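Okay, structure first, notes after.
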Amino acid sequence: MGQSQEPPRQDWHLPDARLGPRPDAEMERIGEQLRDLTRAQERLQSLLSAVMSISRELELPVVLRRIVTAAMELVDARYGALGVLDEEKRELARFIPVGLSEDEEAALAGVELPRGHGLLGHLIHNPEPIRVENISSHPHSVGFPPGHPPMRTLLGVAISVRGEIYGDLYLSDKRDGRPFDVTDENIVVALAGAAGVAIENARLFEQVRSGAENFQRMLLPRLPDLRPFTGAAVYRPAAAPEQLGGDWYDVILLPDDACAAVIGDVVGHDLRAAATMAQTRNMLRALLYDRRTPPSLVLTQLDRTLHAITENPVATVCLVRIEPGDDGWTLRWSSAGHLPPLLIHPDRRAEYLHADPGLPLGIDPAQPRPDHTRPLPEQATVVLFTDGLVEHPGRPIDACMDELALIAAAHANLPPDELCRVLADNHTSDGHDDIAVLVLRVPGRS
């Protein structure tokens with residue numbers, strides 16, 4: 001028998017190339033891939049959250065600033081800015097910086113905002129993403145103005161709206177000190193695409209709001225010559241663009257030398273409310289000219305007419321008549337569920353003329369409304385207003401009305417047009433509803 005041979009010795013501690021990578025190296029590679037996937041998912045989620053945050057905004061200035069802050073958060077940048085191009089697309093018309101400390105802002109006080117030269121101008125004329133590791137050494141860099149904080153790295157991305165360059169998004173200096181990489185660029189480019197949509201939505205919002213406001217103003221009258229009285233009115237639309245308010249007012253001199261003034265508010269914030277407002281105002285004007293009757297009977301006839309020929313929603317109205325007499329002026333008024341008039345005396349004392357408000361129009365035309373009477377001193381001022389001036393969900397309406405009375409008293413000597421503006425500018429409401437204010441001043445001795 002032949003001599004048996006021992007199997008060849010094998011060192012199990014040395015890798016065999018034929019067996020591929022070691023198991024622990026393979027596990028490490030898989031772990032790194034999982035970590036990369038997790039980071040990618042986190043960034044994707046952050047991007048989606050950023051897109052949602054800018055898409056929720058509708059005011060253009062808020063949208064623009066939110067775009068910058070969202071981009072800074074996505075790539076952990078210390079500084080950010082958005083430059084909006086002018087109509088010729090040649091330079092920046094607006095520049096919105098974010099990230100500067102109070103000291104840095106103070107150091108730049110008086111320094112003109114960038115117009116789009118140097119690196120910023122390069123991105124304007126070459127709207128491709130740009131990454132710069134050292135701003136000062138870039139051939140297009142023109143340096144920083146005095147007081148500008150030092151910045152080293154830059155990531156610039158153009159923002160397009162409807163296929164046209166709207167502006168540029170600039171980011172500088174990551175907090176970890178590293179330069180911006182291709183991943184940062186890709187995620188900011190993705191955000192810029194969503195930003196363009198958000199900007200377009202905000203611009204449409206402004207157009208709709210402007211159109212609604214213009215439509216509302218077209219329905220409201222221009223006050224006529226009221227001599228010997230003086231009067232003024234102001235209308236402020238609600239913040240929401242889809243709201244076409246039902247607030248309205250009117251003032252006319254009557255054939256019996258009285259002056260009639262009315263303010264009203266139709267329930268609803270749509271085209272129907274606006275159309276109803278116009279119908280109601282026109283009918284009331286005709287009734288006032290046709291009838292020398294107390295305000296309560298005019299409102300009753302208006303309610304019955306509207307009920308008979310229209311399907312109008314509920315409306316509140318306050319109708320006043322200031323009538324001349326042998327002993328001076330008399331105020332007669334009747335209310336259909338409206339807030340009371342505010343009377344400002346010549347000595348700047350202000351008081352509300354609280355009385356039975358009656359039912360709003362559109363509820364029960366058969367129910368009568370009371371009339372109220374009050375003598376008026378010469379140079380007294382009567383203020384009528386809608387609830388948009390004083391209604392706040394977080395405050396009692398009585399507190400808001402008391403504050404309004406204090407403001408009116410403090411500015412009682414102003415001409416009616418200026419007093420209107422002061423009251424509207426200093427409203428005590430939350431701005432959710434449109435505002436109408438009407439001021440009528442009784443003449444003095446001739």
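Here, A, B, ... name the chains of the structure tokens in the order displayed, residue numbers run from 1 inside each chain, and ligands are numbered from 1 in the same displayed order.
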
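The residue set within 9 Å of Leu113 in chain A, counting only C-alpha atoms and dropping same-chain residues fewer than 5 places from it, reads Arg94, Phe95 and Ile96 of chain A.
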
Show me, as a short mmCIF file (atom, residue, chain, number, x, y, z; two decimals) with C-alpha atoms, in the first residue's frame, the residues that have an atom within 12 Å of Pro139 in chain A when counting only C-alpha atoms, minus same-chain residues fewer than 3 positions from it.
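Dumped everything to part06.cif:
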data_model
loop_
_atom_site.label_atom_id
_atom_site.label_comp_id
_atom_site.auth_asym_id
_atom_site.auth_seq_id
_atom_site.Cartn_x
_atom_site.Cartn_y
_atom_site.Cartn_z
CA GLY A 118 -19.86 90.27 -9.05
CA LEU A 119 -20.79 86.69 -8.25
CA HIS A 122 -22.75 86.10 -12.68
CA VAL A 132 -17.93 78.20 -4.85
CA ASN A 134 -13.71 80.32 -1.80
CA ILE A 135 -15.69 83.43 -2.73
CA SER A 136 -12.75 85.83 -2.51
CA VAL A 142 -15.75 91.93 -6.37
CA GLY A 143 -15.39 91.64 -2.61
#

>> Quick one: residues within 7 Å of Arg374 in chain A, only C-alpha atoms, excluding same-chain residues fewer than 2 positions away - as a list in words?
In response: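 Answer for this query is Thr330, Leu331, Arg332, His372 and Leu376 of chain A.
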
> Of the candidates A:Ala194, A:Ala405, A:Ala232, A:Ala261, which shows the shortest atom-to-atom distance to Arg421 in chain A, using only C-alpha atoms?
Replying inline: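 Nearest to Arg421 in chain A: A:Ala232.
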
>> For a quick check of understanding, using only C-alpha atoms, which of A:His392, A:Arg66, A:His125, A:His345 has the smallest distance to Val442 in chain A?
In response: A:His345

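Proximity of A:Leu306, A:Leu100, A:Val390, A:Val383 to Asp402 in chain A, computed with only C-alpha atoms, is greatest for A:Val390.
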
> If you measure from CA of His140 in chain A to CA of Leu85 in chain A, what distance in Å do you get, rounded to one decimal?
Replying inline: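 CA of Leu85 in chain A lies at a distance of 19.0 Å from CA of His140 in chain A.
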
> Quick one: residues within 12 Å of Gly121 in chain A, only C-alpha atoms counted, chain neighbours fewer than 4 positions away excluded, as JSON, numbers by chain?
Replying inline: {"A": [83, 84, 85, 89, 90, 91, 92, 114, 115, 116, 117, 125, 126, 127, 130, 140, 141, 142, 156, 158, 167, 168, 170]}

> Got a sec to tell me which of range 148-186 of chain A DSSP assigns to helix (DSSP H, G or I), as an MDAnalysis selection string?
Replying inline: chainID A and resid 182:186

Would you mind exporting C-alpha atoms of the selected residues as a PDB file, in the first residue's frame?
ATOM      1  CA  VAL A 182     -23.645  68.122  -5.142  1.00  0.00           C
ATOM      2  CA  THR A 183     -26.234  66.748  -2.707  1.00  0.00           C
ATOM      3  CA  ASP A 184     -26.741  70.236  -1.269  1.00  0.00           C
ATOM      4  CA  GLU A 185     -27.079  71.593  -4.784  1.00  0.00           C
ATOM      5  CA  ASN A 186     -29.635  69.001  -5.816  1.00  0.00           C
TER       6      ASN A 186
END

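Of the residues under consideration (A:Ala315, A:Gly231, A:Asp24, A:Leu155), A:Leu155 shows the shortest atom-to-atom contact distance to Val189 in chain A when counting only C-alpha atoms.
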
>> Ranking A:Pro375, A:Ala233, A:Met52, A:Asp398 by minimum distance to Gly325 in chain A and counting only C-alpha atoms, which one comes first?
In response: A:Pro375

> Skipping near chain neighbours, those fewer than 4 positions away, what residues fall within 12 Å of Asp225 in chain A using only C-alpha atoms, listed as a PyMOL selection string?
Replying inline: chain A and resi 229-232+251-253+259

For those residues, write C-alpha atoms to a file as a PDB file, in the first residue's frame.
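Generated file (again-v6.pdb):
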ATOM      1  CA  PHE A 229     -72.555 118.917   6.900  1.00  0.00           C
ATOM      2  CA  THR A 230     -69.107 117.408   6.512  1.00  0.00           C
ATOM      3  CA  GLY A 231     -68.590 113.697   6.196  1.00  0.00           C
ATOM      4  CA  ALA A 232     -66.252 110.960   5.057  1.00  0.00           C
ATOM      5  CA  VAL A 251     -74.949 109.410   2.841  1.00  0.00           C
ATOM      6  CA  ILE A 252     -77.437 111.672   1.055  1.00  0.00           C
ATOM      7  CA  LEU A 253     -79.010 115.073   1.594  1.00  0.00           C
ATOM      8  CA  CYS A 259     -79.101 114.331   6.100  1.00  0.00           C
TER       9      CYS A 259
END
